[in-house]
file my_file11.txt (compact mmCIF, C-alpha atoms)
# COMPACT_ATOMS: atom_id res chain seq x y z
CA MET I 19 -7.71 -20.72 -25.40
CA GLU I 20 -6.88 -17.08 -26.16
CA ASP I 21 -10.45 -16.09 -25.22
CA LEU I 22 -10.15 -18.05 -21.98
CA ARG I 23 -6.86 -16.33 -21.15
CA VAL I 24 -8.41 -12.92 -21.88
CA PHE I 25 -11.40 -13.83 -19.68
CA LEU I 26 -9.19 -14.96 -16.79
CA ASN I 27 -6.97 -11.88 -17.05
CA ARG I 28 -9.90 -9.48 -17.33
CA GLY I 29 -9.69 -8.36 -13.71
CA ARG I 30 -5.95 -7.79 -13.91
CA GLU I 31 -6.37 -5.77 -17.14
CA ILE I 32 -9.10 -3.61 -15.58
CA ARG I 33 -6.89 -2.88 -12.58
CA ARG I 34 -3.99 -2.05 -14.88
CA VAL I 35 -6.14 0.49 -16.74
CA ARG I 36 -7.25 2.05 -13.44
CA SER I 37 -3.70 2.25 -12.17
CA LEU I 38 -2.51 3.84 -15.40
CA ARG I 39 -5.41 6.30 -15.32
CA ARG I 40 -4.51 7.25 -11.76
CA LYS I 41 -0.88 7.86 -12.74
CA LEU I 42 -1.99 9.91 -15.76
CA LEU I 43 -4.26 11.93 -13.49
CA ASN I 44 -1.37 12.69 -11.12
CA PHE I 45 0.79 13.51 -14.14
CA PHE I 46 -1.67 16.02 -15.62
CA ASP I 47 -2.43 17.55 -12.21
CA THR I 48 1.30 18.10 -11.70
CA LEU I 49 1.66 19.51 -15.22
CA ASP I 50 -1.20 21.88 -14.54
CA LEU I 51 0.52 23.15 -11.38
CA TYR I 52 3.69 23.94 -13.31
CA LEU I 53 1.74 25.70 -16.07
CA ALA I 54 -0.10 27.66 -13.35
CA CYS I 55 3.31 28.84 -12.05
CA GLY I 56 4.13 30.17 -15.50
CA TYR I 57 6.56 27.47 -16.62
CA ASP I 58 6.38 26.23 -20.18
CA LEU I 59 5.21 22.77 -21.16
CA SER I 60 8.65 21.22 -21.73
CA PHE I 61 9.92 22.18 -18.26
CA GLY I 62 6.71 21.15 -16.57
CA TRP I 63 6.70 17.89 -18.53
CA LYS I 64 10.16 16.90 -17.32
CA GLU I 65 9.19 17.55 -13.70
CA ALA I 66 5.77 15.92 -13.98
CA ALA I 67 7.31 12.82 -15.60
CA ARG I 68 8.81 11.93 -12.20
CA VAL I 69 5.27 10.87 -11.26
CA MET I 70 5.03 8.75 -14.42
CA PRO I 71 8.50 7.77 -15.72
CA MET I 72 7.11 6.08 -18.85
CA LEU I 73 6.33 9.56 -20.21
CA THR I 74 9.84 10.89 -19.65
CA PHE I 75 10.90 13.36 -22.29
CA THR I 76 14.26 12.24 -23.68
CA GLY I 77 15.42 15.53 -25.15
CA GLU I 78 14.04 15.40 -28.68
CA SER I 79 11.26 17.70 -29.82
CA LEU I 80 8.35 17.66 -27.36
CA ALA I 81 5.87 17.77 -30.24
CA SER I 82 7.30 14.59 -31.76
CA HIS I 83 7.42 13.03 -28.28
CA LEU I 84 3.71 13.81 -27.89
CA GLY I 85 3.04 12.32 -31.30
CA GLN I 86 4.93 9.17 -30.34
CA ILE I 87 2.96 8.77 -27.12
CA SER I 88 -0.35 9.34 -28.94
CA THR I 89 0.41 6.32 -31.14
CA GLU I 90 2.34 4.03 -28.78
CA LEU I 91 0.75 4.39 -25.34
CA ALA I 92 -0.21 1.00 -23.92
CA ILE I 93 -3.89 1.79 -23.39
CA PRO I 94 -5.57 3.06 -26.61
CA ASP I 95 -8.28 4.97 -24.69
CA PHE I 96 -5.70 7.37 -23.29
CA ARG I 97 -3.90 8.08 -26.53
CA ARG I 98 -6.47 10.67 -27.68
CA TRP I 99 -5.52 13.03 -24.84
CA PHE I 100 -1.96 13.23 -26.09
CA SER I 101 -3.21 13.76 -29.65
CA VAL I 102 -5.24 16.73 -28.42
CA LEU I 103 -2.27 18.04 -26.45
CA GLU I 104 0.03 17.65 -29.44
CA ALA I 105 -2.41 19.51 -31.74
CA THR I 106 -2.77 22.34 -29.20
CA TYR I 107 0.97 22.55 -28.65
CA ARG I 108 1.69 22.73 -32.39
CA SER I 109 -0.97 25.39 -32.90
CA GLY I 110 0.50 27.62 -30.17
CA ALA I 111 -2.82 27.93 -28.34
CA PRO I 112 -2.86 28.18 -24.50
CA LEU I 113 -2.16 24.79 -23.01
CA ARG I 114 -3.47 25.17 -19.50
CA PRO I 115 -7.19 24.91 -20.38
CA VAL I 116 -6.50 21.73 -22.33
CA VAL I 117 -4.45 20.18 -19.54
CA ARG I 118 -7.16 21.05 -16.99
CA ALA I 119 -9.87 19.61 -19.23
CA ILE I 120 -7.89 16.36 -19.63
CA SER I 121 -7.34 16.18 -15.89
CA GLU I 122 -11.04 16.72 -15.14
CA SER I 123 -12.12 14.17 -17.73
CA LEU I 124 -9.78 11.52 -16.32
CA ARG I 125 -10.98 12.29 -12.80
CA ARG I 126 -14.64 11.93 -13.84
CA ASP I 127 -13.86 8.59 -15.51
CA GLN I 128 -12.06 7.37 -12.40
CA ILE I 129 -14.91 8.38 -10.11
CA ARG I 130 -17.44 6.75 -12.41
CA ASP I 131 -15.35 3.57 -12.42
CA LEU I 132 -15.11 3.65 -8.63
CA ASP I 133 -18.87 4.12 -8.30
CA GLU I 134 -19.47 1.09 -10.49
CA HIS I 135 -16.92 -0.94 -8.54
CA CYS I 136 -18.67 -0.01 -5.26
CA ARG I 137 -22.00 -0.94 -6.79
CA LEU I 138 -20.92 -4.38 -8.02
CA LEU I 139 -18.61 -5.43 -5.18
CA PRO I 140 -21.29 -6.46 -2.64
CA SER I 141 -22.89 -8.94 -5.05
CA ARG I 142 -19.49 -10.33 -6.06
CA ALA I 143 -18.50 -10.67 -2.41
CA ASN I 144 -21.74 -12.50 -1.64
CA ILE I 145 -21.11 -14.97 -4.45
CA LEU I 146 -17.59 -15.64 -3.19
CA LEU I 147 -18.83 -16.04 0.38
CA LEU I 148 -21.44 -18.56 -0.78
CA LEU I 149 -18.91 -20.43 -2.87
CA PHE I 150 -15.90 -20.49 -0.53
CA PHE I 151 -17.28 -20.30 2.99
CA LEU I 152 -20.73 -21.83 3.15
CA PRO I 153 -19.89 -25.37 1.90
CA PRO I 154 -16.88 -25.89 4.18
CA ALA I 155 -18.77 -24.38 7.13
CA LEU I 156 -21.68 -26.78 6.60
CA ALA I 157 -19.31 -29.68 6.06
CA LEU I 158 -17.33 -28.90 9.23
CA VAL I 159 -20.43 -28.67 11.37
CA PHE I 160 -22.51 -31.50 9.95
CA VAL I 161 -20.06 -34.20 8.83
CA PRO I 162 -18.83 -35.07 12.37
CA LEU I 163 -22.43 -35.09 13.59
CA LEU I 164 -23.64 -37.29 10.75
CA GLY I 165 -20.67 -39.58 11.23
CA ALA I 166 -21.46 -39.91 14.92
CA LEU I 167 -25.14 -40.61 14.12
CA ALA I 168 -24.15 -43.24 11.56
CA HIS I 169 -22.04 -45.02 14.20
CA MET J 20 44.51 -43.59 19.52
CA GLN J 21 42.22 -43.61 16.50
CA LEU J 22 39.26 -43.46 18.80
CA PHE J 23 40.82 -40.51 20.56
CA PHE J 24 41.24 -38.58 17.32
CA HIS J 25 37.71 -39.49 16.28
CA GLY J 26 36.42 -38.24 19.59
CA VAL J 27 38.39 -35.00 19.31
CA SER J 28 37.14 -34.48 15.74
CA LEU J 29 33.55 -35.07 16.74
CA PHE J 30 33.91 -32.81 19.75
CA GLY J 31 35.51 -30.13 17.60
CA LEU J 32 32.75 -30.33 14.99
CA ALA J 33 30.08 -30.20 17.69
CA ALA J 34 31.78 -27.21 19.31
CA ILE J 35 32.04 -25.37 15.99
CA GLY J 36 28.41 -26.18 15.22
CA ALA J 37 27.28 -25.02 18.65
CA LEU J 38 29.27 -21.78 18.43
CA THR J 39 27.98 -21.10 14.91
CA LEU J 40 24.43 -21.72 16.03
CA TYR J 41 24.98 -19.55 19.11
CA PHE J 42 26.37 -16.64 17.10
CA PHE J 43 23.71 -17.05 14.43
CA ILE J 44 20.95 -16.99 17.02
CA TRP J 45 22.63 -14.20 18.99
CA MET J 46 23.22 -12.05 15.89
CA SER J 47 19.68 -12.69 14.66
CA VAL J 48 18.19 -11.76 18.03
CA ARG J 49 20.46 -8.73 18.35
CA GLN J 50 19.54 -7.53 14.87
CA ALA J 51 15.87 -8.17 15.57
CA LEU J 52 16.09 -6.08 18.76
CA VAL J 53 17.95 -3.25 16.98
CA LEU J 54 15.42 -3.14 14.16
CA GLY J 55 12.54 -3.40 16.60
CA LEU J 56 13.83 -0.51 18.74
CA ARG J 57 14.43 1.63 15.66
CA PHE J 58 10.92 0.87 14.47
CA LEU J 59 9.48 1.86 17.87
CA ARG J 60 11.51 5.08 17.88
CA THR J 61 10.92 6.27 14.31
CA GLY J 62 7.72 4.49 13.37
CA LEU J 63 6.94 2.91 10.03
CA ARG J 64 8.52 4.45 6.99
CA ILE J 65 5.90 5.17 4.41
CA HIS J 66 7.73 5.34 1.13
CA ARG J 67 10.33 2.61 1.35
CA PRO J 68 9.95 -1.15 1.80
CA GLU J 69 9.77 -2.06 5.47
CA ILE J 70 11.39 -5.38 6.32
CA GLY J 71 12.67 -4.57 9.82
CA PRO J 72 9.43 -5.17 11.76
CA VAL J 73 8.79 -8.39 9.84
CA TYR J 74 12.28 -9.64 10.74
CA THR J 75 11.83 -8.66 14.39
CA VAL J 76 8.42 -10.29 14.71
CA THR J 77 9.61 -13.48 12.99
CA ILE J 78 12.80 -13.91 15.04
CA LEU J 79 11.46 -12.93 18.46
CA GLY J 80 8.13 -14.66 17.86
CA SER J 81 9.90 -17.88 16.82
CA LEU J 82 12.03 -17.86 19.98
CA LEU J 83 8.91 -17.36 22.05
CA ALA J 84 7.16 -20.18 20.21
CA LEU J 85 10.12 -22.52 20.84
CA LEU J 86 10.05 -21.62 24.53
CA MET J 87 6.29 -22.13 24.81
CA ALA J 88 6.55 -25.47 22.98
CA PHE J 89 9.31 -26.57 25.37
CA LEU J 90 7.34 -25.51 28.46
CA PHE J 91 3.93 -26.86 27.50
CA LEU J 92 4.64 -29.69 25.08
CA GLY J 93 8.04 -30.79 26.31
CA ASN J 94 9.64 -30.53 22.89
CA PRO J 95 10.76 -27.17 21.43
CA LEU J 96 10.65 -28.52 17.87
CA TRP J 97 6.85 -28.23 17.95
CA GLY J 98 7.40 -24.45 17.88
CA LEU J 99 9.33 -24.52 14.60
CA PRO J 100 6.28 -24.14 12.29
CA ALA J 101 5.64 -20.79 13.99
CA SER J 102 8.49 -19.15 12.03
CA PRO J 103 7.02 -19.29 8.52
CA VAL J 104 3.54 -18.56 9.88
CA LEU J 105 4.78 -15.44 11.69
CA ALA J 106 6.66 -14.24 8.60
CA LEU J 107 3.62 -14.83 6.36
CA VAL J 108 1.27 -13.09 8.79
CA SER J 109 3.51 -10.12 9.63
CA LEU J 110 4.31 -9.24 6.00
CA PRO J 111 0.78 -8.21 4.99
CA LEU J 112 0.21 -6.73 8.44
CA VAL J 113 3.23 -4.41 8.14
CA SER J 114 2.19 -3.44 4.59
CA PHE J 115 -1.29 -2.67 5.89
CA LEU J 116 0.05 -0.56 8.77
CA ALA J 117 2.42 1.32 6.42
CA GLU J 118 -0.48 2.05 4.06
CA GLU J 119 -2.59 3.28 6.99
CA LYS J 120 0.22 5.56 8.07
CA ARG J 121 0.65 6.89 4.54
CA LEU J 122 -3.04 7.76 4.33
CA ARG J 123 -2.93 9.38 7.77
CA VAL J 124 0.09 11.48 6.80
CA GLU J 125 -1.63 12.60 3.59
CA ARG J 126 -4.73 13.63 5.55
CA GLU J 127 -2.62 15.61 8.03
CA ALA J 128 -0.70 17.24 5.18
CA LEU J 129 -3.95 18.19 3.43
CA SER J 130 -5.21 19.74 6.64
CA PHE J 131 -1.95 21.67 6.90
CA LEU J 132 -2.33 22.96 3.31
CA HIS J 133 -5.89 24.10 4.05
CA GLY J 134 -4.58 26.02 7.03
CA LEU J 135 -1.84 27.49 4.88
CA HIS J 136 -4.43 28.53 2.30
CA GLY J 137 -6.52 30.26 4.94
CA LEU J 138 -3.60 32.17 6.41
CA THR J 139 -2.16 33.25 3.05
CA GLN J 140 -5.63 34.36 1.94
CA GLY J 141 -5.67 36.51 5.06
CA GLY J 142 -2.44 38.19 3.97
CA VAL J 143 0.10 36.31 6.08
CA ALA J 144 3.41 35.65 4.29
CA LEU J 145 4.16 32.01 3.47
CA PRO J 146 7.16 31.46 5.82
CA GLU J 147 5.28 33.06 8.71
CA ALA J 148 2.17 31.01 7.95
CA ILE J 149 4.27 27.82 8.02
CA ARG J 150 5.74 28.83 11.39
CA LEU J 151 2.30 29.55 12.84
CA LEU J 152 0.87 26.25 11.65
CA THR J 153 3.86 24.15 12.70
CA ASP J 154 3.54 25.27 16.32
CA GLU J 155 0.13 23.67 16.66
CA ARG J 156 0.74 20.49 14.63
CA GLU J 157 1.29 17.05 16.07
CA GLY J 158 1.78 13.69 14.43
CA ALA J 159 4.15 12.70 11.65
CA VAL J 160 3.51 15.82 9.57
CA GLY J 161 3.89 18.15 12.55
CA GLN J 162 7.20 16.56 13.54
CA THR J 163 8.44 16.71 9.95
CA LEU J 164 7.42 20.36 9.65
CA GLY J 165 9.10 21.13 12.96
CA ARG J 166 12.38 19.70 11.73
CA GLY J 167 11.90 21.49 8.40
CA LEU J 168 11.31 24.74 10.24
CA GLN J 169 14.66 24.36 11.98
CA LEU J 170 16.21 24.12 8.50
CA LEU J 171 14.30 27.24 7.44
CA ASN J 172 15.53 29.15 10.49
CA SER J 173 19.12 28.03 10.05
CA ARG J 174 19.47 28.34 6.27
CA GLY J 175 16.68 30.79 5.49
CA SER J 176 15.69 28.88 2.33
CA LEU J 177 12.08 27.81 1.86
CA ARG J 178 13.18 25.57 -0.99
CA THR J 179 15.48 23.60 1.34
CA MET J 180 12.73 23.21 3.88
CA ILE J 181 10.19 21.99 1.33
CA ALA J 182 12.75 19.62 -0.19
CA PHE J 183 13.27 18.13 3.27
CA VAL J 184 9.52 17.78 3.89
CA ARG J 185 9.12 16.13 0.49
CA SER J 186 11.86 13.62 1.26
CA GLN J 187 10.05 12.60 4.46
CA LEU J 188 6.52 12.43 3.09
CA GLY J 189 7.28 10.52 -0.10
CA SER J 190 6.04 10.96 -3.64
CA GLY J 191 2.50 11.51 -4.92
CA PRO J 192 0.08 14.37 -5.56
CA LEU J 193 1.05 16.07 -2.31
CA ASP J 194 4.69 16.05 -3.34
CA ALA J 195 3.83 17.81 -6.62
CA CYS J 196 1.80 20.39 -4.70
CA LEU J 197 4.72 21.16 -2.39
CA VAL J 198 7.03 21.61 -5.38
CA GLY J 199 4.50 23.92 -7.02
CA LEU J 200 4.15 25.88 -3.78
CA SER J 201 7.88 26.44 -3.61
CA LEU J 202 8.04 27.48 -7.27
CA ALA J 203 5.03 29.81 -6.96
CA TYR J 204 6.58 31.52 -3.94
CA GLU J 205 9.95 31.94 -5.67
CA ARG J 206 8.30 33.42 -8.75
CA GLY J 207 6.34 35.87 -6.64
CA LEU J 208 3.00 34.38 -7.62
CA SER J 209 0.04 34.42 -5.27
CA VAL J 210 0.39 31.38 -3.01
CA SER J 211 -3.25 31.67 -2.02
CA THR J 212 -4.40 31.48 -5.66
CA PHE J 213 -2.08 28.55 -6.30
CA LEU J 214 -3.48 26.65 -3.32
CA SER J 215 -7.07 27.48 -4.38
CA GLU J 216 -6.37 25.65 -7.63
CA ALA J 217 -4.32 22.77 -6.19
CA LEU J 218 -6.45 21.83 -3.17
CA PRO J 219 -9.59 20.58 -5.01
CA SER J 220 -7.65 17.92 -6.92
CA LEU J 221 -5.87 16.84 -3.73
CA GLU J 222 -9.24 16.63 -1.96
CA ALA J 223 -10.68 14.54 -4.79
CA GLU J 224 -7.73 12.13 -4.67
CA ALA J 225 -7.98 11.84 -0.88
CA GLU J 226 -11.73 11.21 -1.10
CA MET J 227 -11.16 8.45 -3.65
CA GLN J 228 -8.56 6.78 -1.47
CA ARG J 229 -10.86 7.01 1.54
CA ARG J 230 -13.71 5.33 -0.34
CA VAL J 231 -11.46 2.52 -1.58
CA LYS J 232 -10.09 1.99 1.92
CA ASP J 233 -13.57 1.89 3.50
CA LEU J 234 -14.71 -0.59 0.88
CA ARG J 235 -11.77 -2.91 1.49
CA ARG J 236 -12.25 -2.69 5.23
CA SER J 237 -15.86 -3.83 4.95
CA VAL J 238 -14.80 -6.71 2.69
CA ALA J 239 -12.03 -7.66 5.14
CA ALA J 240 -14.52 -7.68 8.03
CA GLN J 241 -16.92 -9.90 6.08
CA ALA J 242 -14.14 -12.30 5.12
CA ALA J 243 -12.81 -12.48 8.68
CA PHE J 244 -16.25 -13.17 10.11
CA ALA J 245 -17.05 -15.81 7.49
CA ALA J 246 -13.68 -17.51 7.99
CA ILE J 247 -13.72 -17.53 11.81
CA LEU J 248 -17.38 -18.39 12.49
CA PRO J 249 -17.29 -22.08 11.40
CA TRP J 250 -14.28 -22.76 13.63
CA VAL J 251 -16.00 -21.11 16.59
CA LEU J 252 -19.03 -23.31 15.98
CA ILE J 253 -16.76 -26.37 15.74
CA GLY J 254 -15.12 -25.36 19.01
CA VAL J 255 -18.51 -25.07 20.74
CA LEU J 256 -19.61 -28.39 19.24
CA PHE J 257 -16.50 -30.19 20.42
CA SER J 258 -16.76 -28.69 23.88
CA PHE J 259 -20.16 -30.38 24.26
CA GLN J 260 -19.23 -33.52 22.31
CA PRO J 261 -15.54 -34.29 22.99
CA GLU J 262 -15.81 -37.73 21.35
CA LEU J 263 -16.26 -35.93 18.02
CA LEU J 264 -12.76 -34.46 18.50
CA GLU J 265 -11.37 -37.98 18.80
CA GLU J 266 -12.98 -38.86 15.48
CA MET J 267 -11.48 -35.65 14.00
CA ARG J 268 -8.02 -36.83 15.04
CA SER J 269 -8.53 -40.31 13.72
CA GLY J 270 -8.31 -39.49 10.02
CA SER J 271 -10.92 -38.62 7.43
CA VAL J 272 -12.62 -35.85 9.36
CA GLY J 273 -9.19 -34.33 10.01
CA VAL J 274 -8.53 -34.31 6.28
CA LEU J 275 -11.92 -32.64 5.83
CA GLY J 276 -10.91 -29.96 8.32
CA LEU J 277 -7.63 -29.34 6.51
CA GLY J 278 -9.40 -29.17 3.15
CA ALA J 279 -11.97 -26.75 4.56
CA PHE J 280 -9.18 -24.58 5.97
CA LEU J 281 -7.37 -24.45 2.61
CA TRP J 282 -10.59 -23.77 0.67
CA MET J 283 -11.49 -20.92 3.03
CA GLY J 284 -7.96 -19.55 2.72
CA LEU J 285 -8.38 -19.53 -1.03
CA GLY J 286 -11.72 -17.75 -0.56
CA VAL J 287 -10.12 -15.06 1.62
CA ALA J 288 -7.39 -14.48 -0.98
CA ARG J 289 -9.93 -14.35 -3.80
CA LEU J 290 -12.20 -11.98 -1.87
CA TRP J 291 -9.32 -9.63 -1.06
CA LYS J 292 -8.20 -9.64 -4.68
CA THR J 293 -11.74 -8.91 -5.91
CA SER J 294 -11.99 -5.89 -3.59
CA GLU J 295 -8.88 -4.29 -5.13
CA PHE J 296 -9.60 -1.19 -7.14
CA PHE J 297 -6.11 -0.40 -8.45

call {"tool": "encode", "arguments": {"input": "my_file11.txt", "output": "structure tokens"}}
result
Amino acid sequence: MEDLRVFLNRGREIRRVRSLRRKLLNFFDTLDLYLACGYDLSFGWKEAARVMPMLTFTGESLASHLGQISTELAIPDFRRWFSVLEATYRSGAPLRPVVRAISESLRRDQIRDLDEHCRLLPSRANILLLLFFLPPALALVFVPLLGALAH
Amino acid sequence: MQLFFHGVSLFGLAAIGALTLYFFIWMSVRQALVLGLRFLRTGLRIHRPEIGPVYTVTILGSLLALLMAFLFLGNPLWGLPASPVLALVSLPLVSFLAEEKRLRVEREALSFLHGLHGLTQGGVALPEAIRLLTDEREGAVGQTLGRGLQLLNSRGSLRTMIAFVRSQLGSGPLDACLVGLSLAYERGLSVSTFLSEALPSLEAEAEMQRRVKDLRRSVAAQAAFAAILPWVLIGVLFSFQPELLEEMRSGSVGVLGLGAFLWMGLGVARLWKTSEFF
């Protein structure tokens, strides 16, 4: 039953991942803009979190906040980016290249996902058209005719 | 005497009911007209839920349906099912139109930022570049910029102007870019360099949205064609064989038609859901 539920909710889960990836992309793009203007990560983070409120920084240490996100974020695939960001932040290395790299990687993943969606959608649409439109169309056209012939 | 009091009570109840119904209908129609006029004057809002047009279409459309039912069928009650149908149809339509407007505004804003980039690269100061571009802009973004420019002229603060533009255009990547633009200008950073770095990501996001929209449009066209074609064929068939329509009314074939309609409706919903990317 659990497998069936997972199977039925697969589409919804995929869309949730895409939506979260899109929000993360907007978040990192915004963060990058603030870093480009010379603001530090904590200020830029607070402003960028308006795009993605679930990442809002609540005033404790940003490093521990990054660590928390890297272990608790809903989608495991996205946690590694925050681990990388946390390690870079703790080391004191420049953050902008890392943020840009994360942003570009997320964008590439999103575009790849969109390409696959565009590739598969025509065949899925054809199956749905065959399943949901062809039988009732044939029934609507032929059943009255066959009924009239039978009489 | 008792009959008199009963009559007065009934008359009073009927009068109260009629007045209540009158005021309810009058207030509903009045509100529908107010919301409709405001919608025509200001257009769809793009970053807040839009219930006004749905209300207007439902109320005014229902009244029209009641009138048409009275004129053509002799009984206005036949027009009552139009209300829920109009509400159900106008809701997704208004959402669709608001989404179209949002995408159009983002395209216009992107075009504006490209113009700004070009002018600032050529050495024009940011406030002057905004003035030059606003003069030649039309559409929602142009009007918003025009009003923002009045703020800039009156208060002399670019931050106030950009805050106003942000409040009109809603949140998203463009909003972040406008904030960054304001901050870069205040910090004395090169606006041209900032825009060189911000514009590619905005372009990529816009391109993605365009592809998703085009894909959904093609799916919508397929679904509409597949859903409408059988009924057109049925209409042609019945125009040549009217006795088949009598059989449709008689019972089982009518049930078949209703079942086919519901199954196709399910197919349209499923197809639309499958085409969603986000």

call {"tool": "closest_residue", "arguments": {"input": "my_file11.txt", "among": "I:Ala92, I:Ser37, I:His83, I:Leu113", "to": "Tyr52 (chain I)", "atoms": "only C-alpha atoms"}}
result
I:Leu113

call {"tool": "closest_residue", "arguments": {"input": "my_file11.txt", "among": "I:Arg30, I:Arg137, I:Arg40, I:Arg114", "to": "Met70 (chain I)", "atoms": "only C-alpha atoms"}}
result
I:Arg40

call {"tool": "closest_residue", "arguments": {"input": "my_file11.txt", "among": "I:Asp58, I:Asp133, I:Asp95, I:Glu90", "to": "chain J", "atoms": "all atoms listed in the file"}}
result
I:Asp133

call {"tool": "residues_around", "arguments": {"input": "my_file11.txt", "residues": "Leu43 (chain I)", "least_positions_apart": "5", "cutoff": "8 Å", "atoms": "only C-alpha atoms", "output": "list of chain:residue names"}}
result
I:Ser121, I:Leu124, I:Arg125

call {"tool": "atom_distance", "arguments": {"input": "my_file11.txt", "atom1": "CA of Leu49 (chain I)", "atom2": "CA of Ala119 (chain I)"}}
result
12.2 Å

call {"tool": "closest_residue", "arguments": {"input": "my_file11.txt", "among": "I:Arg97, I:Arg33, I:Arg68, I:Arg118", "to": "chain J", "atoms": "only C-alpha atoms"}}
result
I:Arg33

call {"tool": "closest_residue", "arguments": {"input": "my_file11.txt", "among": "I:Leu139, I:Leu158, I:Ala81, I:Leu164", "to": "Phe100 (chain I)", "atoms": "all atoms listed in the file"}}
result
I:Ala81

call {"tool": "interface_residues", "arguments": {"input": "my_file11.txt", "of": "chain J", "to": "chain I", "cutoff": "7 Å", "atoms": "all atoms listed in the file", "output": "MDAnalysis selection string"}}
result
chainID J and resid 191:192 195 199 202:203 245:246 249 253 263 272 276 279 282:283 286 290 294 296:297

call {"tool": "residues_around", "arguments": {"input": "my_file11.txt", "residues": "Phe96 (chain I)", "least_positions_apart": "5", "cutoff": "9 Å", "atoms": "only C-alpha atoms", "output": "number ranges by chain"}}
result
I: 39, 42, 88, 91

call {"tool": "write_last_selection", "arguments": {"input": "my_file11.txt", "atoms": "C-alpha atoms", "output": "mmCIF file, in the frame of the given file"}}
result
data_model
loop_
_atom_site.group_PDB
_atom_site.id
_atom_site.type_symbol
_atom_site.label_atom_id
_atom_site.label_comp_id
_atom_site.auth_asym_id
_atom_site.auth_seq_id
_atom_site.Cartn_x
_atom_site.Cartn_y
_atom_site.Cartn_z
ATOM 1 C CA ARG I 39 -5.410 6.300 -15.320
ATOM 2 C CA LEU I 42 -1.990 9.910 -15.760
ATOM 3 C CA SER I 88 -0.350 9.340 -28.940
ATOM 4 C CA LEU I 91 0.750 4.390 -25.340
#
